[in-house]
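The next block holds one structure in the form of structure tokens; read it before the comments.
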Amino acid sequence: MENMQIQKIEKEEVVNQKLISTETEKGAEALKTRLKSALRLGNEFKGKTLIVFMTDEGPKSIETTIWSLTENFIQIKHGVAIPINSIISVDY
């Protein structure tokens with residue numbers, strides 16, 4: 001992953017991507033903790049989060065507000081859902 005180029009896209013383009021699993025459980029709880037913090041940041045402070053996720057074309061990133069969080073998905077603007085198992089990192 002260190003040598004892969006991460007392409008930044010607009011959040012509206014997520015629906016055009018084929019999201020795939022990162023195939024790792026390593027750090028899953030830490031990721032969920034960060035997602036919960038990012039959700040609070042978005043809902044209470046309107047803060048944006050940098051989300052890196054895996055697609056069939058390689059890693060992509062968006063900067064957005066997380067609107068909701070379930071066991072398996074995050075939801076961003078316009079009801080777009082991103083599977084948690086495709087998320088590589090969350091930064092705020």
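Here, A, B, ... name the chains of the structure tokens in the order displayed, residue numbers run from 1 inside each chain, and ligands are numbered from 1 in the same displayed order.
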Show me, as a ChimeraX atom specification, the residues that have an atom within 6 Å of Lys8 (chain A) when counting only C-alpha atoms, minus same-chain residues fewer than 2 positions from it. /A:60-62
What are the closest atom pairs, with distances in Å to one decimal, for each residue of region 5-74 of chain A lying within 10 Å of region 87-92 of chain A, using only C-alpha atoms, rows by chain and rising residue number, as a tab-separated table?
residue	atom	partner	partner_atom	distance
A:Leu19	CA	A:Ile87	CA	9.1
A:Ile20	CA	A:Ile87	CA	9.0
A:Ser21	CA	A:Ile87	CA	7.8
A:Thr22	CA	A:Ile88	CA	6.9
A:Thr24	CA	A:Ile88	CA	9.5
A:Gly27	CA	A:Ile88	CA	9.8
A:Ala28	CA	A:Ile87	CA	9.7
A:Leu31	CA	A:Ser89	CA	7.2
A:Lys32	CA	A:Val90	CA	9.5
A:Arg34	CA	A:Val90	CA	6.6
A:Leu35	CA	A:Val90	CA	7.0
A:Ser37	CA	A:Tyr92	CA	8.9
A:Ala38	CA	A:Tyr92	CA	6.9
A:Leu41	CA	A:Tyr92	CA	8.4
A:Gly42	CA	A:Tyr92	CA	10.0
A:Gly47	CA	A:Tyr92	CA	8.0
A:Lys48	CA	A:Tyr92	CA	6.8
A:Thr49	CA	A:Tyr92	CA	4.7
A:Leu50	CA	A:Asp91	CA	5.0
A:Ile51	CA	A:Val90	CA	4.8
A:Val52	CA	A:Ser89	CA	5.2
A:Phe53	CA	A:Ile87	CA	4.1
A:Met54	CA	A:Ile87	CA	6.4
A:Thr55	CA	A:Ile87	CA	9.6
A:Pro59	CA	A:Ile88	CA	8.2
A:Lys60	CA	A:Ile88	CA	9.5
A:Ser61	CA	A:Ser89	CA	9.2
A:Glu63	CA	A:Asp91	CA	9.3
A:Phe73	CA	A:Ile87	CA	9.6
A:Ile74	CA	A:Ile87	CA	9.6
Write out, as a CSV table (one decimal), in the first residue's frame, the residues just selected, with C-alpha atoms.
chain,number,residue,atom,x,y,z
A,19,LEU,CA,-15.8,-0.6,-3.8
A,20,ILE,CA,-13.9,-3.7,-2.7
A,21,SER,CA,-13.0,-5.1,0.6
A,22,THR,CA,-9.5,-4.4,2.0
A,24,THR,CA,-8.2,-7.4,6.6
A,27,GLY,CA,-7.3,-2.7,13.2
A,28,ALA,CA,-11.1,-3.1,12.6
A,31,LEU,CA,-11.2,2.0,12.6
A,32,LYS,CA,-14.7,1.9,14.0
A,34,ARG,CA,-12.2,6.6,14.5
A,35,LEU,CA,-15.4,6.5,12.4
A,37,SER,CA,-15.3,10.2,16.3
A,38,ALA,CA,-15.6,11.4,12.7
A,41,LEU,CA,-17.2,15.7,14.3
A,42,GLY,CA,-19.5,15.9,11.4
A,47,GLY,CA,-16.2,19.0,10.4
A,48,LYS,CA,-15.0,17.1,7.4
A,49,THR,CA,-13.1,13.8,7.4
A,50,LEU,CA,-10.6,12.4,4.9
A,51,ILE,CA,-11.6,8.9,4.0
A,52,VAL,CA,-9.4,6.5,2.0
A,53,PHE,CA,-11.1,3.5,0.6
A,54,MET,CA,-10.3,0.6,-1.8
A,55,THR,CA,-11.8,0.4,-5.3
A,59,PRO,CA,-7.2,3.4,-3.4
A,60,LYS,CA,-9.3,6.6,-3.6
A,61,SER,CA,-9.9,9.4,-1.1
A,63,GLU,CA,-13.1,14.7,2.0
A,73,PHE,CA,-21.5,1.0,6.4
A,74,ILE,CA,-21.0,4.8,6.7
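For the pair CA of Glu29 (chain A) and CA of Thr64 (chain A), the interatomic distance is 21.4 Å.
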Separation of CA of Gln5 (chain A) from CA of Pro83 (chain A) in Å: 21.0 Å
Taking only C-alpha atoms into account, which of A:Arg40, A:Phe45, A:Val14, A:Ile6 comes nearest Gly79 (chain A)?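 Among the listed residues, A:Val14 lies closest to Gly79 (chain A).
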Of the listed residues A:Glu23, A:Glu10, A:Val15, A:Glu57, that which approaches Gln75 (chain A) most closely, counting only C-alpha atoms: A:Val15
Just list as a VMD selection string whatever in chain A DSSP marks as strand (DSSP E). chain A and resid 7 to 8 49 to 55 58 to 64 68 to 69 73 to 75 81 to 83 87 to 91
Could the residues in this selection be saved with N, CA, C and O atoms as a JSON list (two decimals), in the first residue's frame?
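That gives us selection.json:
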[["chain", "number", "residue", "atom", "x", "y", "z"],
["A", 7, "GLN", "N", -5.79, 8.31, -5.32],
["A", 7, "GLN", "CA", -6.44, 9.31, -6.17],
["A", 7, "GLN", "C", -7.55, 9.99, -5.38],
["A", 7, "GLN", "O", -8.43, 9.34, -4.84],
["A", 8, "LYS", "N", -7.49, 11.31, -5.31],
["A", 8, "LYS", "CA", -8.54, 12.08, -4.65],
["A", 8, "LYS", "C", -9.68, 12.29, -5.64],
["A", 8, "LYS", "O", -9.45, 12.70, -6.78],
["A", 49, "THR", "N", -14.02, 14.89, 7.14],
["A", 49, "THR", "CA", -13.10, 13.78, 7.38],
["A", 49, "THR", "C", -12.51, 13.35, 6.05],
["A", 49, "THR", "O", -13.20, 13.30, 5.04],
["A", 50, "LEU", "N", -11.23, 12.99, 6.06],
["A", 50, "LEU", "CA", -10.58, 12.43, 4.88],
["A", 50, "LEU", "C", -10.71, 10.91, 4.99],
["A", 50, "LEU", "O", -10.22, 10.31, 5.94],
["A", 51, "ILE", "N", -11.38, 10.31, 4.02],
["A", 51, "ILE", "CA", -11.62, 8.87, 4.02],
["A", 51, "ILE", "C", -10.91, 8.27, 2.82],
["A", 51, "ILE", "O", -11.11, 8.72, 1.69],
["A", 52, "VAL", "N", -10.06, 7.28, 3.07],
["A", 52, "VAL", "CA", -9.39, 6.54, 2.00],
["A", 52, "VAL", "C", -10.03, 5.16, 1.95],
["A", 52, "VAL", "O", -10.17, 4.49, 2.97],
["A", 53, "PHE", "N", -10.45, 4.75, 0.75],
["A", 53, "PHE", "CA", -11.13, 3.47, 0.59],
["A", 53, "PHE", "C", -10.61, 2.76, -0.65],
["A", 53, "PHE", "O", -10.02, 3.39, -1.54],
["A", 54, "MET", "N", -10.82, 1.45, -0.71],
["A", 54, "MET", "CA", -10.29, 0.65, -1.81],
["A", 54, "MET", "C", -11.36, 0.45, -2.88],
["A", 54, "MET", "O", -12.51, 0.16, -2.57],
["A", 55, "THR", "N", -10.95, 0.63, -4.13],
["A", 55, "THR", "CA", -11.82, 0.36, -5.28],
["A", 55, "THR", "C", -11.11, -0.67, -6.17],
["A", 55, "THR", "O", -9.94, -0.99, -5.94],
["A", 58, "GLY", "N", -7.90, 0.73, -7.39],
["A", 58, "GLY", "CA", -6.91, 1.16, -6.41],
["A", 58, "GLY", "C", -7.53, 2.09, -5.39],
["A", 58, "GLY", "O", -8.73, 2.38, -5.43],
["A", 59, "PRO", "N", -6.71, 2.58, -4.45],
["A", 59, "PRO", "CA", -7.24, 3.42, -3.38],
["A", 59, "PRO", "C", -7.67, 4.79, -3.88],
["A", 59, "PRO", "O", -7.03, 5.38, -4.74],
["A", 60, "LYS", "N", -8.78, 5.27, -3.33],
["A", 60, "LYS", "CA", -9.31, 6.61, -3.64],
["A", 60, "LYS", "C", -9.59, 7.31, -2.31],
["A", 60, "LYS", "O", -9.79, 6.66, -1.29],
["A", 61, "SER", "N", -9.62, 8.62, -2.34],
["A", 61, "SER", "CA", -9.93, 9.37, -1.13],
["A", 61, "SER", "C", -10.97, 10.45, -1.42],
["A", 61, "SER", "O", -11.07, 10.95, -2.54],
["A", 62, "ILE", "N", -11.73, 10.76, -0.39],
["A", 62, "ILE", "CA", -12.70, 11.85, -0.44],
["A", 62, "ILE", "C", -12.61, 12.63, 0.86],
["A", 62, "ILE", "O", -12.15, 12.10, 1.88],
["A", 63, "GLU", "N", -13.01, 13.86, 0.82],
["A", 63, "GLU", "CA", -13.13, 14.67, 2.02],
["A", 63, "GLU", "C", -14.60, 15.02, 2.17],
["A", 63, "GLU", "O", -15.18, 15.65, 1.29],
["A", 64, "THR", "N", -15.20, 14.56, 3.27],
["A", 64, "THR", "CA", -16.64, 14.70, 3.42],
["A", 64, "THR", "C", -17.04, 14.64, 4.88],
["A", 64, "THR", "O", -16.21, 14.38, 5.75],
["A", 68, "SER", "N", -23.99, 9.18, 8.98],
["A", 68, "SER", "CA", -24.42, 8.12, 9.89],
["A", 68, "SER", "C", -23.47, 6.94, 9.78],
["A", 68, "SER", "O", -22.69, 6.82, 8.84],
["A", 69, "LEU", "N", -23.57, 6.07, 10.79],
["A", 69, "LEU", "CA", -22.68, 4.93, 10.90],
["A", 69, "LEU", "C", -23.49, 3.74, 11.38],
["A", 69, "LEU", "O", -24.23, 3.84, 12.36],
["A", 73, "PHE", "N", -21.62, -0.06, 7.41],
["A", 73, "PHE", "CA", -21.53, 1.03, 6.44],
["A", 73, "PHE", "C", -21.42, 2.38, 7.12],
["A", 73, "PHE", "O", -21.88, 2.57, 8.24],
["A", 74, "ILE", "N", -20.82, 3.35, 6.38],
["A", 74, "ILE", "CA", -20.97, 4.75, 6.74],
["A", 74, "ILE", "C", -21.85, 5.36, 5.65],
["A", 74, "ILE", "O", -21.90, 4.85, 4.53],
["A", 75, "GLN", "N", -22.55, 6.41, 6.02],
["A", 75, "GLN", "CA", -23.37, 7.11, 5.04],
["A", 75, "GLN", "C", -22.88, 8.54, 4.95],
["A", 75, "GLN", "O", -22.64, 9.20, 5.96],
["A", 81, "ALA", "N", -23.73, 5.16, 0.57],
["A", 81, "ALA", "CA", -23.19, 4.27, 1.60],
["A", 81, "ALA", "C", -21.83, 3.73, 1.14],
["A", 81, "ALA", "O", -21.65, 3.36, -0.01],
["A", 82, "ILE", "N", -20.89, 3.71, 2.08],
["A", 82, "ILE", "CA", -19.57, 3.14, 1.82],
["A", 82, "ILE", "C", -19.37, 2.00, 2.81],
["A", 82, "ILE", "O", -19.48, 2.20, 4.02],
["A", 83, "PRO", "N", -19.08, 0.78, 2.32],
["A", 83, "PRO", "CA", -18.87, -0.34, 3.23],
["A", 83, "PRO", "C", -17.63, -0.10, 4.10],
["A", 83, "PRO", "O", -16.58, 0.30, 3.59],
["A", 87, "ILE", "N", -12.88, 0.58, 3.72],
["A", 87, "ILE", "CA", -12.18, 1.77, 4.20],
["A", 87, "ILE", "C", -10.78, 1.41, 4.69],
["A", 87, "ILE", "O", -10.61, 0.49, 5.48],
["A", 88, "ILE", "N", -9.80, 2.13, 4.18],
["A", 88, "ILE", "CA", -8.40, 1.91, 4.55],
["A", 88, "ILE", "C", -8.02, 2.79, 5.74],
["A", 88, "ILE", "O", -7.37, 2.35, 6.68],
["A", 89, "SER", "N", -8.41, 4.07, 5.68],
["A", 89, "SER", "CA", -8.07, 4.98, 6.77],
["A", 89, "SER", "C", -9.05, 6.13, 6.87],
["A", 89, "SER", "O", -9.77, 6.43, 5.91],
["A", 90, "VAL", "N", -9.06, 6.74, 8.05],
["A", 90, "VAL", "CA", -9.93, 7.88, 8.36],
["A", 90, "VAL", "C", -9.07, 8.91, 9.06],
["A", 90, "VAL", "O", -8.39, 8.60, 10.04],
["A", 91, "ASP", "N", -9.06, 10.12, 8.54],
["A", 91, "ASP", "CA", -8.27, 11.19, 9.13],
["A", 91, "ASP", "C", -9.12, 12.43, 9.31],
["A", 91, "ASP", "O", -9.91, 12.76, 8.42]]
Using DSSP on the backbone, list every residue of chain A that comes out as alpha helix (DSSP H), and give them as number ranges by chain. A: 28-45
Would you write out those residues with all heavy atoms, as a CSV table (one decimal), in the first residue's frame?
chain,number,residue,atom,x,y,z
A,28,ALA,N,-9.7,-3.3,12.8
A,28,ALA,CA,-11.1,-3.1,12.6
A,28,ALA,C,-11.7,-2.3,13.7
A,28,ALA,O,-12.5,-1.3,13.5
A,28,ALA,CB,-11.8,-4.4,12.4
A,29,GLU,N,-11.4,-2.6,15.0
A,29,GLU,CA,-12.0,-1.9,16.1
A,29,GLU,C,-11.5,-0.5,16.2
A,29,GLU,O,-12.2,0.5,16.5
A,29,GLU,CB,-11.7,-2.7,17.4
A,29,GLU,CG,-12.6,-3.9,17.6
A,29,GLU,CD,-14.1,-3.6,17.4
A,29,GLU,OE1,-14.6,-2.6,18.0
A,29,GLU,OE2,-14.7,-4.3,16.6
A,30,ALA,N,-10.2,-0.3,15.9
A,30,ALA,CA,-9.6,1.1,15.9
A,30,ALA,C,-10.3,1.9,14.8
A,30,ALA,O,-10.6,3.1,15.0
A,30,ALA,CB,-8.1,1.0,15.7
A,31,LEU,N,-10.5,1.3,13.7
A,31,LEU,CA,-11.2,2.0,12.6
A,31,LEU,C,-12.6,2.4,13.0
A,31,LEU,O,-13.0,3.6,12.8
A,31,LEU,CB,-11.2,1.1,11.3
A,31,LEU,CG,-12.0,1.8,10.1
A,31,LEU,CD1,-11.3,3.0,9.6
A,31,LEU,CD2,-12.1,0.7,9.0
A,32,LYS,N,-13.3,1.5,13.6
A,32,LYS,CA,-14.7,1.9,14.0
A,32,LYS,C,-14.7,3.0,15.1
A,32,LYS,O,-15.6,3.9,15.1
A,32,LYS,CB,-15.4,0.6,14.6
A,32,LYS,CG,-15.8,-0.3,13.4
A,32,LYS,CD,-16.7,-1.4,13.8
A,32,LYS,CE,-17.0,-2.2,12.6
A,32,LYS,NZ,-17.9,-3.3,12.9
A,33,THR,N,-13.7,3.0,16.0
A,33,THR,CA,-13.6,4.1,16.9
A,33,THR,C,-13.3,5.4,16.2
A,33,THR,O,-13.9,6.4,16.6
A,33,THR,CB,-12.4,3.8,17.9
A,33,THR,OG1,-12.7,2.5,18.6
A,33,THR,CG2,-12.2,4.9,18.9
A,34,ARG,N,-12.4,5.4,15.2
A,34,ARG,CA,-12.2,6.6,14.5
A,34,ARG,C,-13.4,7.1,13.7
A,34,ARG,O,-13.7,8.3,13.6
A,34,ARG,CB,-11.0,6.4,13.5
A,34,ARG,CG,-9.7,6.3,14.3
A,34,ARG,CD,-8.5,6.4,13.4
A,34,ARG,NE,-8.3,7.6,12.7
A,34,ARG,CZ,-7.7,8.7,13.3
A,34,ARG,NH1,-7.4,8.7,14.5
A,34,ARG,NH2,-7.6,9.8,12.5
A,35,LEU,N,-14.2,6.1,13.2
A,35,LEU,CA,-15.4,6.5,12.4
A,35,LEU,C,-16.4,7.1,13.4
A,35,LEU,O,-17.1,8.0,13.0
A,35,LEU,CB,-16.0,5.2,11.8
A,35,LEU,CG,-15.2,4.7,10.5
A,35,LEU,CD1,-15.7,3.4,10.1
A,35,LEU,CD2,-15.3,5.7,9.4
A,36,LYS,N,-16.5,6.6,14.6
A,36,LYS,CA,-17.5,7.2,15.6
A,36,LYS,C,-17.1,8.6,15.9
A,36,LYS,O,-17.9,9.5,16.0
A,36,LYS,CB,-17.5,6.3,16.9
A,36,LYS,CG,-18.2,5.0,16.7
A,36,LYS,CD,-18.2,4.2,18.0
A,36,LYS,CE,-18.7,2.8,17.7
A,36,LYS,NZ,-18.5,1.9,18.9
A,37,SER,N,-15.8,8.8,16.0
A,37,SER,CA,-15.3,10.2,16.3
A,37,SER,C,-15.6,11.1,15.1
A,37,SER,O,-15.9,12.2,15.3
A,37,SER,CB,-13.8,10.2,16.6
A,37,SER,OG,-13.5,9.5,17.8
A,38,ALA,N,-15.3,10.6,13.9
A,38,ALA,CA,-15.6,11.4,12.7
A,38,ALA,C,-17.1,11.7,12.5
A,38,ALA,O,-17.5,12.8,12.1
A,38,ALA,CB,-15.1,10.6,11.5
A,39,LEU,N,-17.9,10.7,12.9
A,39,LEU,CA,-19.4,11.0,12.9
A,39,LEU,C,-19.7,12.1,13.8
A,39,LEU,O,-20.5,13.0,13.5
A,39,LEU,CB,-20.1,9.7,13.3
A,39,LEU,CG,-21.6,9.8,13.4
A,39,LEU,CD1,-22.3,10.0,12.1
A,39,LEU,CD2,-22.2,8.5,14.1
A,40,ARG,N,-19.2,12.1,15.0
A,40,ARG,CA,-19.5,13.2,16.0
A,40,ARG,C,-18.9,14.5,15.5
A,40,ARG,O,-19.6,15.5,15.6
A,40,ARG,CB,-18.8,12.8,17.3
A,40,ARG,CG,-19.1,13.8,18.4
A,40,ARG,CD,-18.8,13.4,19.8
A,40,ARG,NE,-19.1,14.4,20.7
A,40,ARG,CZ,-18.3,15.0,21.6
A,40,ARG,NH1,-17.0,14.6,21.6
A,40,ARG,NH2,-18.7,15.9,22.4
A,41,LEU,N,-17.8,14.5,14.9
A,41,LEU,CA,-17.2,15.7,14.3
A,41,LEU,C,-18.1,16.3,13.3
A,41,LEU,O,-18.3,17.5,13.3
A,41,LEU,CB,-15.8,15.3,13.7
A,41,LEU,CG,-15.1,16.5,13.0
A,41,LEU,CD1,-14.6,17.6,13.9
A,41,LEU,CD2,-13.9,15.9,12.2
A,42,GLY,N,-18.6,15.4,12.4
A,42,GLY,CA,-19.5,15.9,11.4
A,42,GLY,C,-20.9,16.4,11.9
A,42,GLY,O,-21.3,17.5,11.5
A,43,ASN,N,-21.5,15.6,12.8
A,43,ASN,CA,-22.8,16.0,13.3
A,43,ASN,C,-22.8,17.2,14.2
A,43,ASN,O,-23.7,18.0,14.2
A,43,ASN,CB,-23.4,14.8,14.0
A,43,ASN,CG,-23.9,13.7,13.0
A,43,ASN,OD1,-24.1,14.0,11.8
A,43,ASN,ND2,-24.0,12.5,13.4
A,44,GLU,N,-21.8,17.2,15.1
A,44,GLU,CA,-21.8,18.3,16.1
A,44,GLU,C,-21.1,19.6,15.7
A,44,GLU,O,-21.4,20.7,16.1
A,44,GLU,CB,-21.2,17.8,17.4
A,44,GLU,CG,-22.1,16.7,18.1
A,44,GLU,CD,-21.6,16.2,19.4
A,44,GLU,OE1,-20.9,17.0,20.1
A,44,GLU,OE2,-21.9,15.1,19.7
A,45,PHE,N,-20.0,19.4,14.9
A,45,PHE,CA,-19.2,20.5,14.5
A,45,PHE,C,-19.1,20.8,13.0
A,45,PHE,O,-18.3,21.7,12.6
A,45,PHE,CB,-17.8,20.3,15.1
A,45,PHE,CG,-17.8,20.0,16.6
A,45,PHE,CD1,-17.6,18.7,17.1
A,45,PHE,CD2,-17.9,21.1,17.5
A,45,PHE,CE1,-17.6,18.5,18.4
A,45,PHE,CE2,-17.9,20.8,18.8
A,45,PHE,CZ,-17.8,19.5,19.3
Separation of CA of Lys11 (chain A) and CA of Glu71 (chain A), in Å?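 Between CA of Lys11 (chain A) and CA of Glu71 (chain A) the gap works out to 21.3 Å.
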